[in-house]
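Visitor: Below is the file my_file-v9.cif, which contains mmCIF, C-alpha atoms.
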```
data_final
#
loop_
_atom_site.label_atom_id
_atom_site.label_comp_id
_atom_site.auth_asym_id
_atom_site.auth_seq_id
_atom_site.Cartn_x
_atom_site.Cartn_y
_atom_site.Cartn_z
CA MET H 1 0.00 0.00 0.00
CA LEU H 2 1.09 3.59 -0.49
CA SER H 3 2.91 5.27 2.32
CA ARG H 4 1.29 8.19 4.07
CA ALA H 5 3.38 10.84 2.29
CA ALA H 6 2.71 9.42 -1.13
CA TRP H 7 -1.00 9.12 -0.31
CA SER H 8 -1.29 12.78 0.70
CA VAL H 9 0.42 13.78 -2.53
CA VAL H 10 -2.05 11.70 -4.47
CA LEU H 11 -4.93 13.36 -2.63
CA ARG H 12 -3.69 16.83 -3.32
CA ARG H 13 -2.93 16.22 -6.96
CA GLY H 14 -5.76 13.87 -7.82
CA GLY H 15 -8.17 16.21 -6.09
CA LEU H 16 -10.60 13.91 -4.34
CA GLY H 17 -12.67 16.83 -3.08
CA THR H 18 -14.09 16.25 0.36
CA ARG H 19 -17.09 18.38 1.11
CA GLY H 20 -16.42 21.57 3.03
CA LYS H 21 -12.64 21.34 2.76
CA HIS H 22 -10.87 24.43 1.40
CA SER H 23 -8.15 23.45 -1.04
CA LEU H 24 -5.30 25.81 -0.19
CA GLU H 25 -3.20 24.91 -3.19
CA ASP H 26 -6.00 25.82 -5.54
CA SER H 27 -4.29 28.49 -7.56
CA ALA H 28 -1.01 26.62 -7.86
CA LEU H 29 -2.40 23.32 -9.10
CA SER H 30 -5.52 24.59 -10.78
CA GLU H 31 -6.45 21.30 -12.36
CA ARG H 32 -9.87 20.00 -13.13
CA LYS H 33 -11.05 17.64 -10.44
CA MET H 34 -12.01 14.14 -11.38
CA PRO H 35 -15.62 13.06 -11.54
CA PRO H 36 -17.65 11.93 -9.70
CA TYR H 37 -15.94 12.95 -6.47
CA THR H 38 -16.29 16.64 -7.31
CA ASN H 39 -18.15 19.35 -5.56
CA TYR H 40 -19.96 20.79 -8.56
CA HIS H 41 -21.41 17.38 -9.38
CA ALA H 42 -25.16 17.36 -8.95
CA GLN H 43 -27.69 14.57 -9.11
CA ARG H 44 -31.42 14.38 -8.89
CA SER H 45 -31.28 13.71 -5.16
CA TYR H 46 -28.72 16.44 -4.52
CA PRO H 47 -29.52 19.11 -7.08
CA MET H 48 -27.70 22.14 -5.63
CA PRO H 49 -23.99 21.34 -5.56
CA ASP H 50 -21.56 22.81 -3.06
CA GLU H 51 -19.23 24.61 -5.39
CA PRO H 52 -19.67 26.33 -8.71
CA PHE H 53 -18.57 24.55 -11.82
CA CYS H 54 -15.96 27.09 -12.93
CA THR H 55 -13.86 28.57 -10.17
CA GLU H 56 -11.05 29.95 -12.32
CA LEU H 57 -12.52 32.73 -14.39
CA ASN H 58 -10.83 34.67 -17.15
CA ALA H 59 -11.17 38.45 -17.41
CA GLU H 60 -14.30 38.33 -19.52
CA GLN H 61 -16.02 35.97 -17.09
CA ARG H 62 -15.00 38.06 -14.12
CA ALA H 63 -16.50 41.10 -15.76
CA LEU H 64 -19.71 39.16 -16.24
CA LYS H 65 -19.76 38.21 -12.58
CA GLU H 66 -19.41 41.88 -11.67
CA LYS H 67 -22.33 42.69 -13.95
CA GLU H 68 -24.33 39.99 -12.19
CA LYS H 69 -24.10 41.96 -8.96
CA GLY H 70 -26.25 44.64 -10.50
CA SER H 71 -29.80 44.38 -11.72
CA TRP H 72 -30.51 41.17 -13.54
CA THR H 73 -32.83 42.83 -16.00
CA GLN H 74 -29.71 44.35 -17.57
CA LEU H 75 -28.37 40.94 -18.51
CA SER H 76 -29.01 39.64 -21.97
CA HIS H 77 -30.25 36.10 -22.56
CA ALA H 78 -26.85 34.92 -23.71
CA GLU H 79 -25.25 36.39 -20.58
CA LYS H 80 -27.72 34.63 -18.34
CA VAL H 81 -26.97 31.34 -20.07
CA ALA H 82 -23.25 31.99 -19.71
CA LEU H 83 -23.68 32.66 -15.99
CA TYR H 84 -25.66 29.46 -15.62
CA ARG H 85 -22.96 27.52 -17.39
CA LEU H 86 -20.35 29.02 -15.10
CA GLN H 87 -22.27 27.99 -12.03
CA PHE H 88 -23.57 24.61 -13.05
CA HIS H 89 -21.99 21.70 -14.87
CA GLU H 90 -25.20 20.46 -16.55
CA THR H 91 -28.76 21.59 -16.99
CA PHE H 92 -31.51 19.56 -15.37
CA ALA H 93 -32.31 18.01 -18.71
CA GLU H 94 -28.72 16.96 -19.23
CA MET H 95 -28.36 15.74 -15.65
CA ASN H 96 -31.48 13.61 -15.82
CA ARG H 97 -30.77 12.07 -19.19
CA ARG H 98 -31.40 8.40 -19.67
CA SER H 99 -28.61 5.94 -20.19
CA ASN H 100 -28.18 2.37 -21.29
CA GLU H 101 -26.57 1.32 -18.05
CA TRP H 102 -29.48 -0.93 -17.16
CA LYS H 103 -28.65 -3.22 -20.06
CA THR H 104 -25.14 -3.73 -18.75
CA VAL H 105 -26.44 -4.34 -15.26
CA MET H 106 -29.04 -6.88 -16.36
CA GLY H 107 -26.51 -8.58 -18.59
CA CYS H 108 -24.09 -9.02 -15.74
CA VAL H 109 -26.83 -10.23 -13.43
CA PHE H 110 -27.92 -12.89 -15.90
CA PHE H 111 -24.34 -13.83 -16.58
CA PHE H 112 -23.77 -14.55 -12.92
CA PHE H 113 -27.04 -16.45 -12.71
CA GLY H 114 -25.78 -18.68 -15.49
CA PHE H 115 -22.39 -19.07 -13.90
CA THR H 116 -23.98 -20.07 -10.62
CA GLY H 117 -26.14 -22.55 -12.45
CA LEU H 118 -23.09 -24.15 -14.00
CA LEU H 119 -21.39 -24.36 -10.61
CA ILE H 120 -24.38 -26.05 -9.03
CA TRP H 121 -24.70 -28.46 -11.93
CA TRP H 122 -21.09 -29.49 -11.46
CA GLN H 123 -21.74 -29.95 -7.76
CA ARG H 124 -24.77 -32.09 -8.50
CA VAL H 125 -22.74 -34.40 -10.73
CA TYR H 126 -19.63 -34.70 -8.61
CA MET H 127 -20.48 -33.82 -5.03
CA PHE H 128 -24.07 -34.49 -4.01
CA PRO H 129 -24.82 -37.62 -1.97
CA GLU H 130 -27.57 -40.17 -2.69
CA LYS H 131 -31.18 -39.00 -2.47
CA PRO H 132 -32.97 -39.84 0.78
CA ILE H 133 -35.40 -42.74 0.43
CA THR H 134 -38.40 -40.42 0.79
CA LEU H 135 -37.43 -38.53 -2.37
CA THR H 136 -37.17 -41.57 -4.65
CA ASP H 137 -39.85 -41.96 -7.28
CA GLU H 138 -41.31 -45.16 -5.83
CA TRP H 139 -41.77 -43.69 -2.39
CA ARG H 140 -43.31 -40.48 -3.80
CA ALA H 141 -45.76 -42.48 -5.90
CA LYS H 142 -46.87 -44.46 -2.85
CA GLN H 143 -47.14 -41.22 -0.88
CA LEU H 144 -49.38 -39.64 -3.50
CA GLN H 145 -51.58 -42.72 -3.62
CA ARG H 146 -52.01 -42.55 0.14
CA ILE H 147 -52.97 -38.87 -0.03
CA LEU H 148 -55.58 -39.63 -2.66
CA ASP H 149 -56.92 -42.52 -0.56
CA MET H 150 -57.38 -40.10 2.33
CA LYS H 151 -59.28 -37.76 -0.05
CA ALA H 152 -57.27 -34.71 0.94
CA ASN H 153 -58.97 -31.44 -0.13
CA PRO H 154 -61.84 -33.10 -1.96
CA VAL H 155 -63.77 -29.88 -2.76
CA GLN H 156 -61.32 -27.71 -4.68
CA GLY H 157 -57.90 -29.24 -4.07
CA LEU H 158 -55.91 -32.32 -4.96
CA ALA H 159 -58.47 -35.09 -4.53
CA SER H 160 -61.06 -33.09 -6.46
CA ARG H 161 -58.89 -33.44 -9.56
CA TRP H 162 -58.67 -37.25 -9.34
CA ASP H 163 -61.30 -39.40 -10.95
CA TYR H 164 -61.96 -42.25 -8.49
CA GLU H 165 -63.89 -44.41 -10.96
CA LYS H 166 -61.41 -44.35 -13.76
CA LYS H 167 -58.38 -44.13 -11.45
CA GLN H 168 -56.77 -41.24 -13.33
CA TRP H 169 -56.55 -37.49 -13.25
CA LYS H 170 -59.64 -35.67 -14.43
CA LYS H 171 -59.33 -34.12 -17.86
CA MET C 1 -36.64 34.74 -20.73
CA ALA C 2 -37.78 33.49 -24.07
CA SER C 3 -39.08 29.95 -23.81
CA SER C 4 -39.38 28.39 -27.20
CA ASN C 5 -41.77 25.40 -27.08
CA LEU C 6 -42.25 24.57 -23.40
CA MET C 7 -45.54 25.11 -21.66
CA LYS C 8 -45.54 26.77 -18.29
CA PRO C 9 -45.84 24.01 -15.71
CA GLN C 10 -48.54 23.86 -13.05
CA MET C 11 -47.34 26.06 -10.22
CA ARG C 12 -49.99 25.87 -7.53
CA GLY C 13 -52.34 23.43 -5.93
CA LEU C 14 -50.15 20.44 -6.57
CA LEU C 15 -50.80 18.69 -3.28
CA ALA C 16 -54.52 19.30 -3.47
CA TRP C 17 -54.67 17.89 -6.97
CA HIS C 18 -52.58 14.93 -5.96
CA LEU C 19 -54.80 14.17 -2.98
CA GLN C 20 -58.03 14.44 -4.91
CA TYR C 21 -56.77 12.31 -7.77
CA HIS C 22 -55.50 9.62 -5.50
CA ILE C 23 -58.38 9.56 -3.07
CA VAL C 24 -60.87 9.06 -5.85
CA GLY C 25 -58.67 6.52 -7.54
CA ILE C 26 -58.00 4.56 -4.37
CA PHE C 27 -61.69 4.42 -3.57
CA VAL C 28 -62.57 3.12 -6.99
CA GLU C 29 -59.69 0.69 -7.04
CA SER C 30 -60.45 -0.83 -3.64
CA LEU C 31 -64.07 -1.35 -4.52
CA GLY C 32 -63.03 -2.86 -7.83
CA VAL C 33 -60.57 -5.26 -6.27
CA ALA C 34 -63.08 -6.31 -3.63
CA ALA C 35 -65.77 -6.89 -6.24
CA LEU C 36 -63.36 -8.83 -8.41
CA TYR C 37 -62.37 -11.05 -5.52
CA LYS C 38 -65.96 -11.67 -4.53
CA PHE C 39 -67.07 -12.72 -7.98
CA ALA C 40 -63.94 -14.52 -9.12
CA VAL C 41 -62.95 -16.33 -5.93
CA ALA C 42 -65.49 -16.22 -3.13
CA GLU C 43 -68.70 -17.05 -5.02
CA PRO C 44 -67.19 -19.98 -7.00
CA ARG C 45 -65.79 -21.38 -3.78
CA LYS C 46 -69.13 -21.22 -2.01
CA LYS C 47 -70.76 -22.89 -5.00
CA ALA C 48 -68.12 -25.64 -5.09
CA TYR C 49 -68.67 -26.45 -1.44
CA ALA C 50 -72.45 -26.41 -1.85
CA ASP C 51 -72.25 -28.75 -4.85
CA PHE C 52 -69.90 -31.10 -3.06
CA TYR C 53 -72.00 -31.48 0.04
CA ARG C 54 -75.41 -31.54 -1.63
CA ASN C 55 -75.31 -35.29 -2.36
CA TYR C 56 -72.50 -36.24 -0.02
CA ASP C 57 -72.68 -39.63 1.67
CA SER C 58 -70.18 -39.61 4.49
CA VAL C 59 -70.61 -43.30 5.34
CA LYS C 60 -69.82 -44.34 1.77
CA ASP C 61 -66.81 -42.03 1.84
CA PHE C 62 -65.63 -43.63 5.05
CA GLU C 63 -66.04 -47.13 3.65
CA GLU C 64 -63.97 -46.26 0.60
CA MET C 65 -61.19 -44.92 2.80
CA ARG C 66 -61.32 -47.99 4.99
CA GLU C 67 -61.03 -50.29 1.96
CA ALA C 68 -57.97 -48.33 0.84
CA GLY C 69 -56.36 -49.22 4.17
CA ILE C 70 -55.36 -45.86 5.56
CA PHE C 71 -56.87 -46.29 9.02
CA GLN C 72 -55.11 -47.92 11.91
CA SER C 73 -58.16 -48.32 14.16
CA ALA C 74 -60.72 -49.43 11.57
CA LYS C 75 -59.51 -52.15 9.22
#
```
As structure tokens - that is how I would like this structure written.
Guide:
Amino acid sequence: MLSRAAWSVVLRRGGLGTRGKHSLEDSALSERKMPPYTNYHAQRSYPMPDEPFCTELNAEQRALKEKEKGSWTQLSHAEKVALYRLQFHETFAEMNRRSNEWKTVMGCVFFFFGFTGLLIWWQRVYMFPEKPITLTDEWRAKQLQRILDMKANPVQGLASRWDYEKKQWKK
Amino acid sequence: MASSNLMKPQMRGLLAWHLQYHIVGIFVESLGVAALYKFAVAEPRKKAYADFYRNYDSVKDFEEMREAGIFQSAK
């Protein structure tokens, strides 16, 4: 495993942003943080992220931010969109877009079902012991005959489906 | 703000609408499920039992079981 010094370097450089922590070396290593452990990342259950999307602004953007401090009716539509894009990574529509991830998930689930089935089949062939006597076909046939003789559930259940004259199941 | 094709969404009365819609729906649905159960399950079952016991001869039934040999106290 990494030593403590190396790990702290990785944290600072890789930028795993923990919530509420001020990154002091922000201006020196102004790199983009890696998703999804970022503070501008929003999701449907957490729609207002902690930090704005763009923290390093060029002169033009800083001028726009100054203009934002005034009356918003003075802003043009394009400026409002630009301010939104500075603050937020994605619009709600983009954030909530569908994906095809479910296909991958279901595929993997079924794959592992199949794999488990193969494992259990192998176990059945090579590992399982003999069936107990009560699960053999002869015993089960005698058991069923006894249940029918006792007329179990004769109104709507098992014995109601057996034809006692013809000694067979009712059609 | 110029919105191109989107309609303005419903802004007020959302909870009231939700409650009304669901209360009516739940009422109708519960009655429907109960009626369905009554006529698909309960009535046929009552009829099946009535038909079975209308001409039921318990002594004959007992004799058949005894012939089959399931009793220990009556051979």
Visitor: Set the cut-off to 9 Å and count all atoms listed in the file: what are the residues of chain C that reach chain H? Output as number ranges by chain.
Guide: C: 1-2, 45, 48-49, 51-53, 61, 64-66, 68-70
Visitor: Could you check which of H:Tyr46, H:Gln143, H:Pro129, H:Trp169 is closest to Phe92 of chain H, using only C-alpha atoms?
Guide: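 Once distances to Phe92 of chain H are computed over only C-alpha atoms, the minimum belongs to H:Tyr46.
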Visitor: For the file shown, what are the residues hit by the PyMOL selection byres ((chain H and resi 52) around 12), laid out as a list in words?
Guide: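 After applying the PyMOL selection byres ((chain H and resi 52) around 12), what remains is Thr38, Asn39, Tyr40, His41, Ala42, Met48, Pro49, Asp50, Glu51, Phe53, Cys54, Thr55, Glu56, Leu57, Leu83, Tyr84, Arg85, Leu86, Gln87, Phe88, His89 and Glu90 of chain H.
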Visitor: Atom CA of Leu144 of chain H and atom CA of Trp162 of chain H, how far apart in Å?
Guide: 11.2 Å
Visitor: Grab the atom CA of Phe27 of chain C to atom CA of Ala42 of chain C distance for me, in Å with one decimal place.
Guide: 21.0 Å
Visitor: Once 4 Å is added on each side, what are the centre and the three edge lengths, in Å to one decimal, of the axis-aligned box enclosing the listed atoms of segment 5-21 of chain C? Present them as lines of an AutoDock Vina configuration file.
Guide:
```
center_x = -49.9
center_y = 19.5
center_z = -15.0
size_x = 24.3
size_y = 22.5
size_z = 32.1
```
Visitor: If I take atom CA of Ala82 of chain H and atom CA of Glu94 of chain H, how far is one from the other in Å, to one decimal?
Guide: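 Taking atom CA of Ala82 of chain H as the start and atom CA of Glu94 of chain H as the end point, the length is 16.0 Å.
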